[in-house]
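The block underneath contains the structure these notes are about, expressed in structure tokens.
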Amino acid sequence: MGTLRASIEAKTCRSLLLAWSLGWILLPTSVAEATSPDLFGFGSRSMSMGMTGVSFADDYEALYSNPAGLARIRESGLFLGLSAASFELELDGSPHYLEAARATTLGFQLPIPFGGSLRDMLVFGGGFYTPLGVVLRSDVLFADEAQWPILARAQSVSIILGLGVDLHRWIPGLHLGLGVNAMAGVHGRLLVEFEDGNRFVSQTETQLLSRFDPILGVAYDRGDLSFGLTYHREVRSEIRLDVQTESLPVELPTFAITAVAQYDPHILSAEASWRARAGTLLSLGLHWRMWSLWPGMLEQTTASSYQPPSPAFHDTFSPRLGVEQTFSRRGTSLRLRGGYAYEPTAAPPARMAQALDSRGEPRIDPATGEPSRTPIRYLDSDRHVLTLGIGFEHRLPEARLFLDAHAQLHWIVARDHELPAAGATTNMQSRGLIPAFGWTGGLEW
Amino acid sequence: MVGPGMARPRVLLALLGGLLLGSLAPGSLARATPPDTTGFGARANALGGAVTADVDDGAANYFNPAGLARAEGLTLGLGYFSLHSRLSIEGSDSEVERIGGLELGVAAPASFGWLKIAFGLGLQLPDQRLSRTRSAVPERPRWEMYDTRPHRVFLAANLGLRLFDWLYLGGGIIFQSPSQMYVEIRGDADIVSPERRTHLEHQFKGDLISQRYPIFGAQLRASDWLSVGLTYRGSVTLDNGVQAIIDGHFTGLGDPIPVDFYLQSLALGLFAPQQLALGIALRPSPRLRLGVDLTWIDWSGHGSLISRDEVRLDVAVPPGVDLSIPDRIVGRSAIPLGLSDTLVTRLGAEYALHDSEVYGLDLRGGYVYQPTPFPAQTGITNFVDSDRHIFTLGAGLALRDLEPTVAGELRLEGSLMLALLPERMHQKRSLVDPVGDYRGGGWQFGFNLGVGLAFR
């Protein structure tokens, strides 16, 4: 145990250095990302405060945590952030590779300068969360291959646009918000045919289809207290590639290559926060993720093929806690932040699951008359997430400058599974750590 | 006069602006080709796109990002565009799909003393799909420039800077996404009853990869009546790849027959050539604006549109089974296109029919000549195209007496476009060409409608 812990600690240090270095090196070349906000949060302030913000967000970060928070904004702003996370995962004591997530965040906020009865009422914002190098990565593997389906969601672009509405004229302290999360899916067709007996011809047609999922939020400020409630509709990116063959020596059915490449469940978040007079902000929230509605990543390949086993995920409730202490002097503010989140796993242990037939009914082994079972090796565990951060704000005559940095450590609790890895004899055990770092610079005017 | 104490924060702001500009690559989720075909924004389209020299609204995100810094205040624009094609080959309608969608243009300037920075966002979102690609088959004629090429999302984020009252600079980075797909299938395929007894399963790996290319622009406001603009758009090549592996068995003919199938298809999904646009805008009178643009487009760098395919099929057919598997399967290879660079000419005129503190009414017109980069299709390829003469017409109504709700203008814009593609003869060199000689030509009709808010 001691050796293993030392090994993980050494890897953590290396990961920290690597992530931090990569963060700086990759700055000029980074691009954008999508369901990673569900894993790590969105924006440096939220990411350093236990991924809270539903009740108190008051800048572009509100786009994801609670679009109603946009309505608190009175100044235009532009923000650029960079984040990196390294997945130090272990399966049976050996490293299990999952590509590091490196991404930039670009956010903007624009209070619409209406006058009259619309004054200070509408605020428009946008956020782009973009992984480096890819817009969307989907590794949808056979269910019997050991994989981390929840943590592997960090490689996809996320584009969020939102509008906050301040209803203070009618109900002081009440804000409403609507955001739209854009996600793309791929539908395609591959036609393979033979001409003249041995000449091969293929035709491909692909379409990138958009899907827009709403984020609805409400926030209410009363004195030193703030409350927030946010609903994220499920976000999914679907792949479908129909492979047809013609003029082959043998007749084959149409292959339907289908996959849910990226998935975030429906999420309902509630949070309360308290601003103490000494510059302290405390927040406490709860996230309900409806993972039980997840259909799984794969579908059957042909009409007569067996259906993949059900992942049997269950809903999770994630409590979160955040704290921020502000020290101000002569137009300059320093903020220290910290937080904790508990992320229970939605996945049952890897196991022999009930095999299904082409109609989705339990499959019976004709030799024994017993139900057939098939291996499903989805790895995941409860996560304890510790977060830290620091923020700096400096007021200039015509603008405010911001620089925030955050750090997270996700401790993935060791878990014993109910079947061995392919080719092994003892049941699998998984564990890991995820160090994550980043910073955001911004300007408000 | 700027004192040293004031200059330092502004230099910091400028550095921050530059940093943001350099880092917008990811944020400027964009592609250049759809606006090359459909234009961007109702006003700019009504002027034939001859706005490089003085564009100052959300359309600057495509035509010249330097113009973002010319906006007086926050400018928001929302519109709809549609382009219908009636293109035919030998008199038969080619059924080229309509292109249409939403447009969003934002210009958000901020002044810090002498320095003015503007952030811009431009979005063109097709109403059918984000993008569409279809691999080309040499023997099947198609209108390459309008078939699937314009079916792409355009999303660009830019920054503009006003360095002096007469000099504006801007830029951003546009990025586009080719796809790489890997499919692996395993299991049993029944030869006798493939639809009923085939039991296969698959896994899938896919990447939409980001590729970036830059856009830079400058506007020189030489006087109240003369502006000059220059825009450079970089090039991008998108290669789409599909790799499929089948590792399984044929069943239904006695013992299972092992099958090993490998397919790799690499196709050019899109080539967007680099472009350099030079524009001049004149105001000979306060009510009249004239614009001329010349755009060089580097089409000669275009690669082959024919995919490179490789296929392998190994089937261990047992003796006595009547199954004919070819020993060697021949794939396809690339065919040079022979495209030529083009010089696009754009002319536009705008006349203020009415201009008061209550409202303004503008009439607009324009003409564009787009020569085709494609040579006549005399060989085995059949990429049909023709020169394009575009005539545009439009109007804009600006409502200005809207205070206190709106300190600025509410703009209602509209434009119509008619494009004529003269019939062109494609005469084959070979007398036994499988397609033979044909003529291609036709016309296109389009419109833009837009509503915008321009705050002071």
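Quick note on naming: the chains in the structure tokens go A, B, ... in the order shown, residues restart at 1 in each chain, and ligands are numbered from 1 in order of appearance.
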Handout entry: Non-local contacts of region 432-438 of chain B (7 Å; only C-alpha atoms; under 3 positions in same chain excluded) as a ChimeraX atom specification
Key = /B:89-90,139,425-428
Exercise for the section: List every residue of region 66-136 of chain B that DSSP, applied to the backbone of this structure, places in strand (DSSP E or B), and write the result as an MDAnalysis selection string. Expected result: chainID B and resid 75:89 92:93 99:112 115:126 131:134 136
Selection file, C-alpha atoms, as a compact mmCIF listing (two decimals), in the first residue's frame:
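Here's the written file out-v1.txt:
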# COMPACT_ATOMS: atom_id res chain seq x y z
CA THR B 75 -24.11 46.64 -32.29
CA LEU B 76 -26.28 43.55 -32.39
CA GLY B 77 -27.68 42.05 -35.57
CA LEU B 78 -29.87 39.04 -36.23
CA GLY B 79 -30.89 37.91 -39.68
CA TYR B 80 -31.95 35.10 -41.96
CA PHE B 81 -30.47 34.20 -45.33
CA SER B 82 -31.55 31.84 -48.05
CA LEU B 83 -30.07 30.86 -51.42
CA HIS B 84 -32.04 28.78 -53.92
CA SER B 85 -30.26 27.23 -56.89
CA ARG B 86 -31.69 26.28 -60.26
CA LEU B 87 -28.68 24.69 -61.89
CA SER B 88 -28.92 22.18 -64.66
CA ILE B 89 -26.83 19.85 -66.79
CA SER B 92 -31.94 18.51 -66.49
CA ASP B 93 -32.27 20.08 -63.01
CA ILE B 99 -28.78 26.87 -48.36
CA GLY B 100 -30.32 28.90 -45.57
CA GLY B 101 -29.94 29.79 -41.94
CA LEU B 102 -29.59 32.32 -39.18
CA GLU B 103 -26.98 35.04 -38.98
CA LEU B 104 -25.79 36.74 -35.81
CA GLY B 105 -23.36 39.63 -35.78
CA VAL B 106 -22.00 41.38 -32.71
CA ALA B 107 -19.59 44.30 -32.44
CA ALA B 108 -18.82 45.47 -28.90
CA PRO B 109 -16.38 48.39 -28.74
CA ALA B 110 -14.82 49.87 -25.61
CA SER B 111 -12.70 53.02 -25.38
CA PHE B 112 -9.78 53.48 -23.00
CA LEU B 115 -7.21 53.20 -27.42
CA LYS B 116 -10.38 51.63 -28.66
CA ILE B 117 -10.82 47.85 -28.60
CA ALA B 118 -13.78 46.03 -30.07
CA PHE B 119 -14.77 42.42 -29.64
CA GLY B 120 -16.75 40.81 -32.45
CA LEU B 121 -18.70 37.65 -32.91
CA GLY B 122 -20.15 36.40 -36.18
CA LEU B 123 -22.29 33.31 -36.56
CA GLN B 124 -23.92 31.80 -39.61
CA LEU B 125 -25.93 28.77 -38.59
CA PRO B 126 -27.48 26.67 -41.38
CA SER B 131 -22.15 20.77 -42.08
CA ARG B 132 -22.44 18.30 -44.91
CA THR B 133 -19.74 16.53 -46.86
CA ARG B 134 -20.06 14.02 -49.67
CA ALA B 136 -16.88 12.87 -55.06
Problem - Expected answer as a list in words: alpha helix (DSSP H) residues in region 52-241 of chain B - result: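 Written out, the alpha helix (DSSP H) residues of region 52-241 of chain B are Ala60, Asn61, Tyr62, Phe63, Pro194, Glu195, Arg196 and Arg197 of chain B.
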Can you spit out the residues from that selection as a PDB file, in the first residue's frame, using N, CA and C atoms?
ATOM      1  N   ALA B  60     -18.502  42.802 -40.157  1.00  0.00           N
ATOM      2  CA  ALA B  60     -17.045  42.956 -40.136  1.00  0.00           C
ATOM      3  C   ALA B  60     -16.355  41.658 -39.720  1.00  0.00           C
ATOM      4  N   ASN B  61     -17.051  40.796 -39.013  1.00  0.00           N
ATOM      5  CA  ASN B  61     -16.453  39.527 -38.591  1.00  0.00           C
ATOM      6  C   ASN B  61     -16.061  38.663 -39.781  1.00  0.00           C
ATOM      7  N   TYR B  62     -16.690  38.883 -40.923  1.00  0.00           N
ATOM      8  CA  TYR B  62     -16.294  38.174 -42.134  1.00  0.00           C
ATOM      9  C   TYR B  62     -15.538  39.092 -43.108  1.00  0.00           C
ATOM     10  N   PHE B  63     -16.063  40.299 -43.352  1.00  0.00           N
ATOM     11  CA  PHE B  63     -15.495  41.115 -44.428  1.00  0.00           C
ATOM     12  C   PHE B  63     -14.193  41.818 -44.021  1.00  0.00           C
ATOM     13  N   PRO B 194     -28.692 -13.239 -44.170  1.00  0.00           N
ATOM     14  CA  PRO B 194     -27.956 -12.135 -43.551  1.00  0.00           C
ATOM     15  C   PRO B 194     -28.830 -11.222 -42.688  1.00  0.00           C
ATOM     16  N   GLU B 195     -30.072 -11.035 -43.049  1.00  0.00           N
ATOM     17  CA  GLU B 195     -30.912 -10.100 -42.299  1.00  0.00           C
ATOM     18  C   GLU B 195     -31.395 -10.696 -40.978  1.00  0.00           C
ATOM     19  N   ARG B 196     -31.472 -12.037 -40.881  1.00  0.00           N
ATOM     20  CA  ARG B 196     -32.089 -12.648 -39.703  1.00  0.00           C
ATOM     21  C   ARG B 196     -31.093 -13.258 -38.726  1.00  0.00           C
ATOM     22  N   ARG B 197     -29.944 -13.709 -39.241  1.00  0.00           N
ATOM     23  CA  ARG B 197     -29.067 -14.466 -38.342  1.00  0.00           C
ATOM     24  C   ARG B 197     -27.701 -13.812 -38.165  1.00  0.00           C
TER      25      ARG B 197
END
Handout entry: Point-to-point distance from CA of Glu75 (chain A) to CA of Gln109 (chain A), Å rounded to tenths
Key =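 Rounded to one decimal, the two atoms are 7.7 Å apart.
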Exercise for the section: Quick one: pull the distance between CA of Asp56 (chain B) and CA of Ala69 (chain B), Å, one decimal. Expected result: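 CA of Asp56 (chain B) sits 7.4 Å away from CA of Ala69 (chain B).
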Exercise for the section: Identify which of the residues B:Glu310, B:Glu97, B:Asp362, B:Asp165 lies closest to chain A, counting only C-alpha atoms when measuring atom-to-atom distances. Expected result: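 The answer is B:Glu310, which sits nearest to chain A.
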Would you pick out the contacts of Ile434 (chain A) at 10 Å or less, using only C-alpha atoms, so that residues sharing its chain but fewer than 6 positions from it are not included, and give the list as a PDB file with C-alpha atoms, in the first residue's frame?
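Produced file around_19.pdb, reproduced below:
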ATOM      1  CA  THR A  12       0.789  13.472  -8.895  1.00  0.00           C
ATOM      2  CA  SER A  15       1.274  15.554 -13.302  1.00  0.00           C
ATOM      3  CA  LEU A  16       1.153  18.841 -11.476  1.00  0.00           C
ATOM      4  CA  ALA A  85      -6.261  18.117 -16.083  1.00  0.00           C
ATOM      5  CA  SER A  86      -4.232  14.949 -15.996  1.00  0.00           C
ATOM      6  CA  PHE A  87      -5.910  11.590 -15.422  1.00  0.00           C
ATOM      7  CA  GLU A  88      -3.670   9.443 -13.235  1.00  0.00           C
ATOM      8  CA  LEU A  89      -5.770   6.282 -13.299  1.00  0.00           C
ATOM      9  CA  ALA A 100      -5.155  14.651 -20.456  1.00  0.00           C
ATOM     10  CA  LEU A 151     -14.168  10.591 -17.010  1.00  0.00           C
ATOM     11  CA  ARG A 383     -14.608  11.161  -6.181  1.00  0.00           C
ATOM     12  CA  VAL A 385     -12.785  16.918  -5.009  1.00  0.00           C
ATOM     13  CA  GLN A 408      -8.352  20.912  -8.079  1.00  0.00           C
ATOM     14  CA  LEU A 409      -7.461  17.488  -6.832  1.00  0.00           C
ATOM     15  CA  HIS A 410      -9.931  14.689  -7.554  1.00  0.00           C
ATOM     16  CA  TRP A 411      -9.286  11.655  -5.386  1.00  0.00           C
ATOM     17  CA  ILE A 412     -10.844   8.594  -7.008  1.00  0.00           C
TER      18      ILE A 412
END
Problem - Among listed residues A:Leu208, A:Ala152, A:Ala346, A:Leu356, nearest His151 (chain B) (using only C-alpha atoms) - result: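 Closest to His151 (chain B), using only C-alpha atoms: A:Leu208.
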Handout entry: Shell of 10 Å around Glu144 (chain B), only C-alpha atoms, local chain residues under 5 positions omitted, as a PyMOL selection string
Key = chain B and resi 96+136+149-150+305+374+382-385
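Using only C-alpha atoms, the residues found no farther than 9 Å from Pro265 (chain A), other than those of its own chain fewer than 6 positions away, are His232, Arg233, Glu234, Val235, Arg236, Arg289, Met290, Trp291, Ser292, Leu293 and Trp294 of chain A.
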Practice task
Would you mind reading off the distance between CA of Gly442 (chain A) and CA of Ala71 (chain B), one decimal, in Å?
Solution key: 21.9 Å
Problem - Residue neighbourhood Arg424 (chain B), 7 Å, only C-alpha atoms, exclusion window fewer than 5 positions, as a list of chain:residue names - result: B:Ser386, B:Arg439, B:Gly440, B:Gly441
Serialized selection, all heavy atoms, as an mmCIF file, in the first residue's frame:
data_model
loop_
_atom_site.group_PDB
_atom_site.id
_atom_site.type_symbol
_atom_site.label_atom_id
_atom_site.label_comp_id
_atom_site.auth_asym_id
_atom_site.auth_seq_id
_atom_site.Cartn_x
_atom_site.Cartn_y
_atom_site.Cartn_z
ATOM 1 N N SER B 386 -19.355 27.310 -63.404
ATOM 2 C CA SER B 386 -19.418 28.334 -64.435
ATOM 3 C C SER B 386 -19.154 29.686 -63.781
ATOM 4 O O SER B 386 -19.267 29.815 -62.548
ATOM 5 C CB SER B 386 -20.811 28.315 -65.073
ATOM 6 O OG SER B 386 -20.825 29.099 -66.230
ATOM 7 N N ARG B 439 -23.523 20.322 -71.328
ATOM 8 C CA ARG B 439 -23.525 21.743 -70.989
ATOM 9 C C ARG B 439 -24.096 21.901 -69.587
ATOM 10 O O ARG B 439 -25.004 21.172 -69.191
ATOM 11 C CB ARG B 439 -24.428 22.534 -71.938
ATOM 12 C CG ARG B 439 -23.902 22.630 -73.347
ATOM 13 C CD ARG B 439 -24.945 23.306 -74.241
ATOM 14 N NE ARG B 439 -24.481 23.374 -75.602
ATOM 15 C CZ ARG B 439 -23.711 24.361 -76.059
ATOM 16 N NH1 ARG B 439 -23.362 25.350 -75.275
ATOM 17 N NH2 ARG B 439 -23.305 24.356 -77.306
ATOM 18 N N GLY B 440 -23.558 22.881 -68.835
ATOM 19 C CA GLY B 440 -24.087 23.162 -67.505
ATOM 20 C C GLY B 440 -24.243 24.646 -67.288
ATOM 21 O O GLY B 440 -23.401 25.446 -67.708
ATOM 22 N N GLY B 441 -25.320 25.043 -66.654
ATOM 23 C CA GLY B 441 -25.559 26.458 -66.370
ATOM 24 C C GLY B 441 -26.797 26.614 -65.521
ATOM 25 O O GLY B 441 -27.413 25.637 -65.103
#
Problem - Surrounding residues of Gly389 (chain A) excluding itself and chain neighbours under 5 positions, 8 Å, only C-alpha atoms, as number ranges by chain - result: A: 44-45, 48-49, 336-338, 404-407
Practice task
Using only C-alpha atoms, pick whichever of B:Pro371, B:Gly396, B:Gly170, B:Gly113 has the shortest atom-to-atom distance to chain A.
Solution key: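 Ranking B:Pro371, B:Gly396, B:Gly170, B:Gly113 by distance to chain A, first place goes to B:Gly113.
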